[in-house]
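Asks: Questions regarding the structure given below will be posed in turn.
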Number of protein chains: 2
Amino acid sequence: MPAGKDLVMVTNDDGVHSEGLVELARAASKHAEVVVVAPDSPQSATALSLTFHKPLRVSKLKGAEFETYAVSGTPGDCVMIGVNKILRRRPKLVASGINIGDNDTYQDILASGTVAAALESAIAGIPAIAFSMEVEEEFLFSVGYSSPDFAKAARVAGGIVGDVLRHGMPEGAEALNVNFPAKVGPSPRMALTAVARRKYTDGVIVRKDPRGRPYYWLFGEKLSAFPSDTDAEAVLVNREVSVTPITLNFSGPITRDLEGLKRRVEAGLRQGDAAPHE
Amino acid sequence: MPAGKDLVMVTNDDGVHSEGLVELARAASKHAEVVVVAPDSPQSATALSLTFHKPLRVSKLKGAEFETYAVSGTPGDCVMIGVNKILRRRPKLVASGINIGDNDTYQDILASGTVAAALESAIAGIPAIAFSMEVEEEFLFSVGYSSPDFAKAARVAGGIVGDVLRHGMPEGAEALNVNFPAKVGPSPRMALTAVARRKYTDGVIVRKDPRGRPYYWLFGEKLSAFPSDTDAEAVLVNREVSVTPITLNFSGPITRDLEGLKRRVEAGLRQGDAAPHE
């Protein structure tokens, strides 16, 4: 039901063939014209990488359900190329996902390609929503992951996309980060949340290879408790759909402490000493 | 002059052989014991990638000026492996840099490996400082870039490291992002700044390859003006050393707008309609 022919660009980091992407495009197409511009191969955990050092290819997919372009780059590349070269007009919204695996907590968000596409859009001044869905561990690394729950999550995603198209991005948010639990009912509870800090313990295992040389393997065990009103608590403990407003604002306050640091370091440098001992 | 034998871990994203890293380690070693744990090859623009899908190697460098370990991974990997497996005790500070090229504005920061190492440290609860230095365009992609100005910048970096070791991280900051202009005098002005949004225009050039197929190349032209009191203005316009307090807080406020979105979408789902028209 294209209301005034709004244009929504759909992207992701799992690649153009991911079922989560197709379901999200279907849901968005009930509210707007949809063009898909997504990586031609999985780009998980690429964070906000942009490809400046080599050229990129763009292929139009034949026989796709929506006008679909596959880009030989990252989700951030897809936003830059999509907005500047592929789309015939500026999109009203960029929708990214539905990612295979939830992207809650700063540990996930800062490494996520799905969220990176939304951040790149926000930098360009285009409202964006990232959608990600918890997947049971055993399926997380399977190739061609498929789940009937993507369609259920996409129904909720469609509701959120439609609402933002009609009412605009909520005040105070430049993007939304939406996470679904692994199971989504027909009328799930939604929670408005802040970003939790961490989802995993830090772990590094050291083993010996067949030649006796050590190798290191990073891993993390999932925590079971999270601060109240955070994305991870909502999704992983309360089994709610988490909606987090995101602002591009990392800057801390300019405190008297910081002014003291500046004063002391400048004074030390003037005295020709990099390390004044007050 | 190890004051109470504080331990500082030094890392970067240009790799263990970068001159900026060596100068930073030298400057930090005037204030603390230094151990270097850095990527074995350049990892620029890897953002906060972590390597979970394959093992990593760690090699101790022979004949290095400081105890130095080269890791076959990203800056984030170096922090995880360094803190959890290599260092004999928890570092009081992680210092990352000095990066070849300034990392100011969200466009740079969100893609930067140098800043990612500081963010990964902050997630782990360890104070961190990222140091980056503007480099004239012609040198930016030269292999083995070397500059006498790294030593001048490192003198200032040493002052900041020493101050944070003595006085603690300034209140309200979890990390500091420090950027130097290309030329640093003996007593440079320091500016306390917020992060600007963008440093480049978005550009994509489309050309034809020798077979006539199009290729796309991302580029951006550097802007010449930035908002007041931002990192980019300080470094690129005012030629000051920019110090930006960083907090891990992307979350926007939970506004009435956002509560309206939740109410409308939940109501639509209860009515069995993903797209209620109010």
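Chain labels A, B, ... are given in the sequence in which chains occur in the structure tokens; within each chain residues are numbered consecutively from 1, and ligands are likewise numbered from 1 in the order shown.
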Out of stretch 30-74 of chain B, which residues get strand (DSSP E or B) from DSSP, as a PyMOL selection string?
Replies: chain B and resi 33-39+56+58-60+67-71
Asks: Using only C-alpha atoms, which protein or nucleic acid residues come within 9 Å of A:Val10? Drop anything in the same chain fewer than 5 positions from it, and give the result as an MDAnalysis selection string.
Replies: chainID A and resid 21 24:25 28 34:38 93:97
Asks: Please identify all polymer residues within 9 Å of stretch 107-111 of chain B, counting only C-alpha atoms, omitting same-chain residues fewer than 3 positions from it, and present them as JSON, numbers by chain.
Replies: {"A": [47, 48, 49, 50, 110, 116, 119, 120, 123], "B": [44, 45, 46, 47, 48, 102, 103, 104, 114, 115, 116, 195, 196, 197, 198, 199, 200]}
Asks: Output N, CA and C atoms for every residue in the selection just made, as a PDB file, in the first residue's frame.
Replies:
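Contents of out_19.pdb, as written:
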ATOM      1  N   ALA A  47      31.343  -4.667  11.060  1.00  0.00           N
ATOM      2  CA  ALA A  47      31.142  -3.362  11.684  1.00  0.00           C
ATOM      3  C   ALA A  47      30.980  -2.315  10.580  1.00  0.00           C
ATOM      4  N   LEU A  48      31.379  -1.077  10.873  1.00  0.00           N
ATOM      5  CA  LEU A  48      31.202  -0.032   9.861  1.00  0.00           C
ATOM      6  C   LEU A  48      32.461   0.100   9.000  1.00  0.00           C
ATOM      7  N   SER A  49      32.809  -0.972   8.305  1.00  0.00           N
ATOM      8  CA  SER A  49      33.900  -0.890   7.340  1.00  0.00           C
ATOM      9  C   SER A  49      33.356  -0.278   6.058  1.00  0.00           C
ATOM     10  N   LEU A  50      34.163   0.538   5.426  1.00  0.00           N
ATOM     11  CA  LEU A  50      33.835   1.055   4.103  1.00  0.00           C
ATOM     12  C   LEU A  50      35.001   0.714   3.186  1.00  0.00           C
ATOM     13  N   LEU A 110      28.689  -2.764  18.281  1.00  0.00           N
ATOM     14  CA  LEU A 110      29.874  -2.134  17.696  1.00  0.00           C
ATOM     15  C   LEU A 110      30.533  -3.016  16.645  1.00  0.00           C
ATOM     16  N   ALA A 116      25.612  -1.320  11.600  1.00  0.00           N
ATOM     17  CA  ALA A 116      26.483  -0.370  10.897  1.00  0.00           C
ATOM     18  C   ALA A 116      25.760   0.277   9.717  1.00  0.00           C
ATOM     19  N   LEU A 119      23.796   2.981  11.134  1.00  0.00           N
ATOM     20  CA  LEU A 119      24.628   4.114  11.569  1.00  0.00           C
ATOM     21  C   LEU A 119      25.113   4.920  10.366  1.00  0.00           C
ATOM     22  N   GLU A 120      25.510   4.216   9.297  1.00  0.00           N
ATOM     23  CA  GLU A 120      25.951   4.916   8.081  1.00  0.00           C
ATOM     24  C   GLU A 120      24.810   5.760   7.508  1.00  0.00           C
ATOM     25  N   ILE A 123      24.456   8.850   9.684  1.00  0.00           N
ATOM     26  CA  ILE A 123      25.482   9.848   9.347  1.00  0.00           C
ATOM     27  C   ILE A 123      25.049  10.635   8.110  1.00  0.00           C
TER      28      ILE A 123
ATOM     29  N   SER B  44      43.809  -1.250   9.284  1.00  0.00           N
ATOM     30  CA  SER B  44      43.050  -0.004   9.240  1.00  0.00           C
ATOM     31  C   SER B  44      41.614  -0.260   8.809  1.00  0.00           C
ATOM     32  N   ALA B  45      40.713   0.525   9.362  1.00  0.00           N
ATOM     33  CA  ALA B  45      39.295   0.486   8.990  1.00  0.00           C
ATOM     34  C   ALA B  45      38.648  -0.870   9.217  1.00  0.00           C
ATOM     35  N   THR B  46      39.202  -1.641  10.167  1.00  0.00           N
ATOM     36  CA  THR B  46      38.531  -2.897  10.534  1.00  0.00           C
ATOM     37  C   THR B  46      37.466  -2.650  11.583  1.00  0.00           C
ATOM     38  N   ALA B  47      37.388  -1.431  12.097  1.00  0.00           N
ATOM     39  CA  ALA B  47      36.420  -1.089  13.138  1.00  0.00           C
ATOM     40  C   ALA B  47      36.545  -2.094  14.278  1.00  0.00           C
ATOM     41  N   LEU B  48      35.450  -2.335  14.986  1.00  0.00           N
ATOM     42  CA  LEU B  48      35.543  -3.258  16.123  1.00  0.00           C
ATOM     43  C   LEU B  48      35.201  -4.675  15.689  1.00  0.00           C
ATOM     44  N   ASP B 102      44.304  11.042  11.096  1.00  0.00           N
ATOM     45  CA  ASP B 102      43.451  11.447  12.217  1.00  0.00           C
ATOM     46  C   ASP B 102      42.138  10.677  12.208  1.00  0.00           C
ATOM     47  N   ASN B 103      41.616  10.404  13.382  1.00  0.00           N
ATOM     48  CA  ASN B 103      40.330   9.728  13.542  1.00  0.00           C
ATOM     49  C   ASN B 103      39.367  10.638  14.265  1.00  0.00           C
ATOM     50  N   ASP B 104      38.921  11.658  13.564  1.00  0.00           N
ATOM     51  CA  ASP B 104      37.907  12.535  14.123  1.00  0.00           C
ATOM     52  C   ASP B 104      36.651  12.408  13.272  1.00  0.00           C
ATOM     53  N   THR B 114      41.946   1.847  15.454  1.00  0.00           N
ATOM     54  CA  THR B 114      42.644   2.482  16.582  1.00  0.00           C
ATOM     55  C   THR B 114      41.663   2.818  17.697  1.00  0.00           C
ATOM     56  N   VAL B 115      40.542   3.438  17.316  1.00  0.00           N
ATOM     57  CA  VAL B 115      39.534   3.796  18.314  1.00  0.00           C
ATOM     58  C   VAL B 115      38.829   2.536  18.816  1.00  0.00           C
ATOM     59  N   ALA B 116      38.641   1.549  17.933  1.00  0.00           N
ATOM     60  CA  ALA B 116      37.986   0.297  18.334  1.00  0.00           C
ATOM     61  C   ALA B 116      38.726  -0.370  19.480  1.00  0.00           C
ATOM     62  N   VAL B 195      32.552  15.061  19.282  1.00  0.00           N
ATOM     63  CA  VAL B 195      32.783  14.403  17.993  1.00  0.00           C
ATOM     64  C   VAL B 195      31.906  15.074  16.933  1.00  0.00           C
ATOM     65  N   ALA B 196      32.515  15.525  15.840  1.00  0.00           N
ATOM     66  CA  ALA B 196      31.733  16.046  14.719  1.00  0.00           C
ATOM     67  C   ALA B 196      31.107  14.874  13.961  1.00  0.00           C
ATOM     68  N   ARG B 197      30.125  15.185  13.135  1.00  0.00           N
ATOM     69  CA  ARG B 197      29.400  14.104  12.457  1.00  0.00           C
ATOM     70  C   ARG B 197      30.154  13.585  11.246  1.00  0.00           C
ATOM     71  N   ARG B 198      30.556  14.480  10.380  1.00  0.00           N
ATOM     72  CA  ARG B 198      31.156  13.990   9.149  1.00  0.00           C
ATOM     73  C   ARG B 198      32.338  14.838   8.715  1.00  0.00           C
ATOM     74  N   LYS B 199      33.274  14.184   8.049  1.00  0.00           N
ATOM     75  CA  LYS B 199      34.492  14.834   7.584  1.00  0.00           C
ATOM     76  C   LYS B 199      34.537  14.883   6.074  1.00  0.00           C
ATOM     77  N   TYR B 200      33.813  13.992   5.431  1.00  0.00           N
ATOM     78  CA  TYR B 200      33.853  13.861   3.979  1.00  0.00           C
ATOM     79  C   TYR B 200      32.462  13.994   3.390  1.00  0.00           C
TER      80      TYR B 200
END
Asks: Excluding stretch 215-230 of chain B and any residue of its chain fewer than 2 positions from it, enumerate the residues within 9 Å of it, using only C-alpha atoms, and give them as a PDB file with N, CA and C atoms, in the first residue's frame.
Replies:
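Written out: out-v1.pdb:
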ATOM      1  N   LEU A  50      34.163   0.538   5.426  1.00  0.00           N
ATOM      2  CA  LEU A  50      33.835   1.055   4.103  1.00  0.00           C
ATOM      3  C   LEU A  50      35.001   0.714   3.186  1.00  0.00           C
ATOM      4  N   THR A  51      34.709   0.409   1.934  1.00  0.00           N
ATOM      5  CA  THR A  51      35.729  -0.054   1.004  1.00  0.00           C
ATOM      6  C   THR A  51      36.181   1.099   0.129  1.00  0.00           C
ATOM      7  N   PHE A  52      37.312   1.710   0.517  1.00  0.00           N
ATOM      8  CA  PHE A  52      37.835   2.834  -0.262  1.00  0.00           C
ATOM      9  C   PHE A  52      39.007   2.422  -1.145  1.00  0.00           C
ATOM     10  N   HIS A  53      39.615   1.265  -0.865  1.00  0.00           N
ATOM     11  CA  HIS A  53      40.897   0.917  -1.483  1.00  0.00           C
ATOM     12  C   HIS A  53      40.746   0.075  -2.738  1.00  0.00           C
ATOM     13  N   LYS A  54      39.538  -0.284  -3.102  1.00  0.00           N
ATOM     14  CA  LYS A  54      39.360  -1.055  -4.336  1.00  0.00           C
ATOM     15  C   LYS A  54      37.960  -0.796  -4.888  1.00  0.00           C
ATOM     16  N   PRO A  55      37.772  -1.068  -6.172  1.00  0.00           N
ATOM     17  CA  PRO A  55      36.444  -0.835  -6.753  1.00  0.00           C
ATOM     18  C   PRO A  55      35.453  -1.906  -6.327  1.00  0.00           C
ATOM     19  N   LEU A  56      34.183  -1.593  -6.464  1.00  0.00           N
ATOM     20  CA  LEU A  56      33.112  -2.515  -6.097  1.00  0.00           C
ATOM     21  C   LEU A  56      32.256  -2.807  -7.323  1.00  0.00           C
ATOM     22  N   ARG A  57      31.663  -3.983  -7.331  1.00  0.00           N
ATOM     23  CA  ARG A  57      30.763  -4.366  -8.419  1.00  0.00           C
ATOM     24  C   ARG A  57      29.330  -4.357  -7.916  1.00  0.00           C
ATOM     25  N   VAL A  58      28.416  -4.044  -8.797  1.00  0.00           N
ATOM     26  CA  VAL A  58      26.997  -4.060  -8.488  1.00  0.00           C
ATOM     27  C   VAL A  58      26.297  -4.908  -9.542  1.00  0.00           C
ATOM     28  N   ASP A  77      29.037   0.057   2.584  1.00  0.00           N
ATOM     29  CA  ASP A  77      29.186   0.300   1.141  1.00  0.00           C
ATOM     30  C   ASP A  77      27.826   0.312   0.451  1.00  0.00           C
ATOM     31  N   MET A  80      26.116   3.597   0.959  1.00  0.00           N
ATOM     32  CA  MET A  80      26.718   4.689   0.173  1.00  0.00           C
ATOM     33  C   MET A  80      26.389   4.569  -1.303  1.00  0.00           C
ATOM     34  N   ILE A  81      26.523   3.367  -1.852  1.00  0.00           N
ATOM     35  CA  ILE A  81      26.256   3.169  -3.276  1.00  0.00           C
ATOM     36  C   ILE A  81      24.762   3.252  -3.566  1.00  0.00           C
TER      37      ILE A  81
ATOM     38  N   ASP B 104      38.921  11.658  13.564  1.00  0.00           N
ATOM     39  CA  ASP B 104      37.907  12.535  14.123  1.00  0.00           C
ATOM     40  C   ASP B 104      36.651  12.408  13.272  1.00  0.00           C
ATOM     41  N   THR B 105      35.529  12.839  13.796  1.00  0.00           N
ATOM     42  CA  THR B 105      34.175  12.697  13.233  1.00  0.00           C
ATOM     43  C   THR B 105      33.699  11.235  13.349  1.00  0.00           C
ATOM     44  N   ALA B 191      42.595  21.260  22.766  1.00  0.00           N
ATOM     45  CA  ALA B 191      41.182  21.640  22.777  1.00  0.00           C
ATOM     46  C   ALA B 191      40.355  20.466  23.280  1.00  0.00           C
ATOM     47  N   LEU B 192      39.392  20.744  24.149  1.00  0.00           N
ATOM     48  CA  LEU B 192      38.470  19.717  24.639  1.00  0.00           C
ATOM     49  C   LEU B 192      37.244  19.758  23.743  1.00  0.00           C
ATOM     50  N   THR B 193      36.939  18.653  23.096  1.00  0.00           N
ATOM     51  CA  THR B 193      35.989  18.696  21.977  1.00  0.00           C
ATOM     52  C   THR B 193      34.915  17.611  22.047  1.00  0.00           C
ATOM     53  N   ALA B 194      33.884  17.818  21.251  1.00  0.00           N
ATOM     54  CA  ALA B 194      32.880  16.783  20.986  1.00  0.00           C
ATOM     55  C   ALA B 194      33.180  16.190  19.599  1.00  0.00           C
ATOM     56  N   VAL B 195      32.552  15.061  19.282  1.00  0.00           N
ATOM     57  CA  VAL B 195      32.783  14.403  17.993  1.00  0.00           C
ATOM     58  C   VAL B 195      31.906  15.074  16.933  1.00  0.00           C
ATOM     59  N   ALA B 196      32.515  15.525  15.840  1.00  0.00           N
ATOM     60  CA  ALA B 196      31.733  16.046  14.719  1.00  0.00           C
ATOM     61  C   ALA B 196      31.107  14.874  13.961  1.00  0.00           C
ATOM     62  N   ARG B 197      30.125  15.185  13.135  1.00  0.00           N
ATOM     63  CA  ARG B 197      29.400  14.104  12.457  1.00  0.00           C
ATOM     64  C   ARG B 197      30.154  13.585  11.246  1.00  0.00           C
ATOM     65  N   ARG B 198      30.556  14.480  10.380  1.00  0.00           N
ATOM     66  CA  ARG B 198      31.156  13.990   9.149  1.00  0.00           C
ATOM     67  C   ARG B 198      32.338  14.838   8.715  1.00  0.00           C
ATOM     68  N   LYS B 199      33.274  14.184   8.049  1.00  0.00           N
ATOM     69  CA  LYS B 199      34.492  14.834   7.584  1.00  0.00           C
ATOM     70  C   LYS B 199      34.537  14.883   6.074  1.00  0.00           C
ATOM     71  N   TYR B 200      33.813  13.992   5.431  1.00  0.00           N
ATOM     72  CA  TYR B 200      33.853  13.861   3.979  1.00  0.00           C
ATOM     73  C   TYR B 200      32.462  13.994   3.390  1.00  0.00           C
ATOM     74  N   THR B 201      32.411  14.473   2.173  1.00  0.00           N
ATOM     75  CA  THR B 201      31.207  14.298   1.383  1.00  0.00           C
ATOM     76  C   THR B 201      31.131  12.814   0.996  1.00  0.00           C
ATOM     77  N   ASP B 202      29.927  12.351   0.676  1.00  0.00           N
ATOM     78  CA  ASP B 202      29.784  10.989   0.164  1.00  0.00           C
ATOM     79  C   ASP B 202      29.934  11.021  -1.336  1.00  0.00           C
ATOM     80  N   GLY B 203      30.844  10.248  -1.861  1.00  0.00           N
ATOM     81  CA  GLY B 203      30.972  10.216  -3.308  1.00  0.00           C
ATOM     82  C   GLY B 203      31.120   8.792  -3.809  1.00  0.00           C
ATOM     83  N   VAL B 204      30.564   8.533  -4.959  1.00  0.00           N
ATOM     84  CA  VAL B 204      30.745   7.246  -5.633  1.00  0.00           C
ATOM     85  C   VAL B 204      30.994   7.555  -7.104  1.00  0.00           C
ATOM     86  N   ILE B 205      32.096   7.081  -7.626  1.00  0.00           N
ATOM     87  CA  ILE B 205      32.404   7.276  -9.040  1.00  0.00           C
ATOM     88  C   ILE B 205      32.112   5.970  -9.787  1.00  0.00           C
ATOM     89  N   VAL B 206      31.457   6.079 -10.917  1.00  0.00           N
ATOM     90  CA  VAL B 206      31.183   4.897 -11.736  1.00  0.00           C
ATOM     91  C   VAL B 206      31.998   5.006 -13.022  1.00  0.00           C
ATOM     92  N   ARG B 207      32.790   3.961 -13.316  1.00  0.00           N
ATOM     93  CA  ARG B 207      33.575   3.929 -14.554  1.00  0.00           C
ATOM     94  C   ARG B 207      33.375   2.577 -15.226  1.00  0.00           C
ATOM     95  N   LYS B 208      33.914   2.473 -16.438  1.00  0.00           N
ATOM     96  CA  LYS B 208      33.821   1.186 -17.148  1.00  0.00           C
ATOM     97  C   LYS B 208      35.181   0.501 -17.127  1.00  0.00           C
ATOM     98  N   ASP B 209      35.193  -0.796 -16.882  1.00  0.00           N
ATOM     99  CA  ASP B 209      36.454  -1.541 -16.912  1.00  0.00           C
ATOM    100  C   ASP B 209      36.820  -1.863 -18.361  1.00  0.00           C
ATOM    101  N   ARG B 213      32.357  -3.369 -18.454  1.00  0.00           N
ATOM    102  CA  ARG B 213      31.445  -3.509 -17.303  1.00  0.00           C
ATOM    103  C   ARG B 213      31.690  -2.366 -16.319  1.00  0.00           C
ATOM    104  N   ALA B 232      37.054  17.672  14.659  1.00  0.00           N
ATOM    105  CA  ALA B 232      37.539  17.998  13.309  1.00  0.00           C
ATOM    106  C   ALA B 232      37.896  19.470  13.185  1.00  0.00           C
ATOM    107  N   GLU B 233      37.094  20.342  13.801  1.00  0.00           N
ATOM    108  CA  GLU B 233      37.424  21.763  13.762  1.00  0.00           C
ATOM    109  C   GLU B 233      38.757  22.021  14.456  1.00  0.00           C
ATOM    110  N   ALA B 234      38.943  21.422  15.615  1.00  0.00           N
ATOM    111  CA  ALA B 234      40.179  21.648  16.373  1.00  0.00           C
ATOM    112  C   ALA B 234      41.397  21.222  15.555  1.00  0.00           C
ATOM    113  N   VAL B 235      41.346  20.014  15.002  1.00  0.00           N
ATOM    114  CA  VAL B 235      42.531  19.457  14.332  1.00  0.00           C
ATOM    115  C   VAL B 235      42.731  20.074  12.953  1.00  0.00           C
ATOM    116  N   LEU B 236      41.670  20.096  12.143  1.00  0.00           N
ATOM    117  CA  LEU B 236      41.826  20.415  10.720  1.00  0.00           C
ATOM    118  C   LEU B 236      41.731  21.906  10.429  1.00  0.00           C
ATOM    119  N   VAL B 237      41.066  22.657  11.286  1.00  0.00           N
ATOM    120  CA  VAL B 237      40.928  24.103  11.048  1.00  0.00           C
ATOM    121  C   VAL B 237      41.825  24.889  12.006  1.00  0.00           C
ATOM    122  N   SER B 242      43.334  17.749  19.691  1.00  0.00           N
ATOM    123  CA  SER B 242      41.948  17.564  20.135  1.00  0.00           C
ATOM    124  C   SER B 242      41.866  16.406  21.131  1.00  0.00           C
ATOM    125  N   THR B 244      38.934  14.328  23.090  1.00  0.00           N
ATOM    126  CA  THR B 244      37.490  14.105  23.173  1.00  0.00           C
ATOM    127  C   THR B 244      37.179  13.028  24.197  1.00  0.00           C
TER     128      THR B 244
END
Asks: Just the number, please: distance in Å from atom CA of B:Asn179 to atom CA of A:Val265, one decimal.
Replies: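 Value for the atom CA of B:Asn179-atom CA of A:Val265 distance: 14.9 Å.
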Asks: Pull the alpha helix (DSSP H) assignments for stretch 66-163 of chain B out of DSSP run on the backbone, and list those residues as a PyMOL selection string.
Replies: chain B and resi 75-81+105-109+113-123+149-163
Asks: Please identify all polymer residues within 9 Å of A:Thr255, counting only C-alpha atoms, omitting same-chain residues fewer than 5 positions from it, and present them as a VMD selection string.
Replies: (chain A and resid 260) or (chain B and resid 170 to 173)
Asks: Show me, as a PyMOL selection string, the residues that have an atom within 8 Å of stretch 147-152 of chain B when counting only C-alpha atoms, minus same-chain residues fewer than 4 positions from it.
Replies: chain B and resi 19-20+23+98+133+156+182-186
Asks: Selection from above, C-alpha atoms, as a compact mmCIF listing (two decimals), in the first residue's frame, can you write it?
Replies:
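Once everything was written out, this is again-v9.txt:
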# COMPACT_ATOMS: atom_id res chain seq x y z
CA GLU B 19 56.74 4.05 13.89
CA GLY B 20 53.75 5.70 15.58
CA GLU B 23 57.00 6.37 19.63
CA ILE B 98 49.68 6.75 17.19
CA MET B 133 47.69 12.00 13.78
CA VAL B 156 52.21 15.24 24.12
CA ALA B 182 50.06 17.05 10.91
CA LYS B 183 52.48 19.51 12.50
CA VAL B 184 52.95 19.61 16.26
CA GLY B 185 55.01 22.32 17.90
CA PRO B 186 56.79 22.01 21.25
Asks: Kindly indicate which residue among A:Ile246, A:Leu176, A:Ala124, A:Ala157 lies nearest to B:Gly268, using only C-alpha atoms for the distances.
Replies: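 Between A:Ile246, A:Leu176, A:Ala124, A:Ala157, the residue approaching B:Gly268 most closely is A:Ala157.
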Asks: What gap, in Å, lies between atom CA of B:Gly168 and atom CA of B:Glu33?
Replies: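 Computing the Euclidean distance for atom CA of B:Gly168 and atom CA of B:Glu33 yields 16.7 Å.
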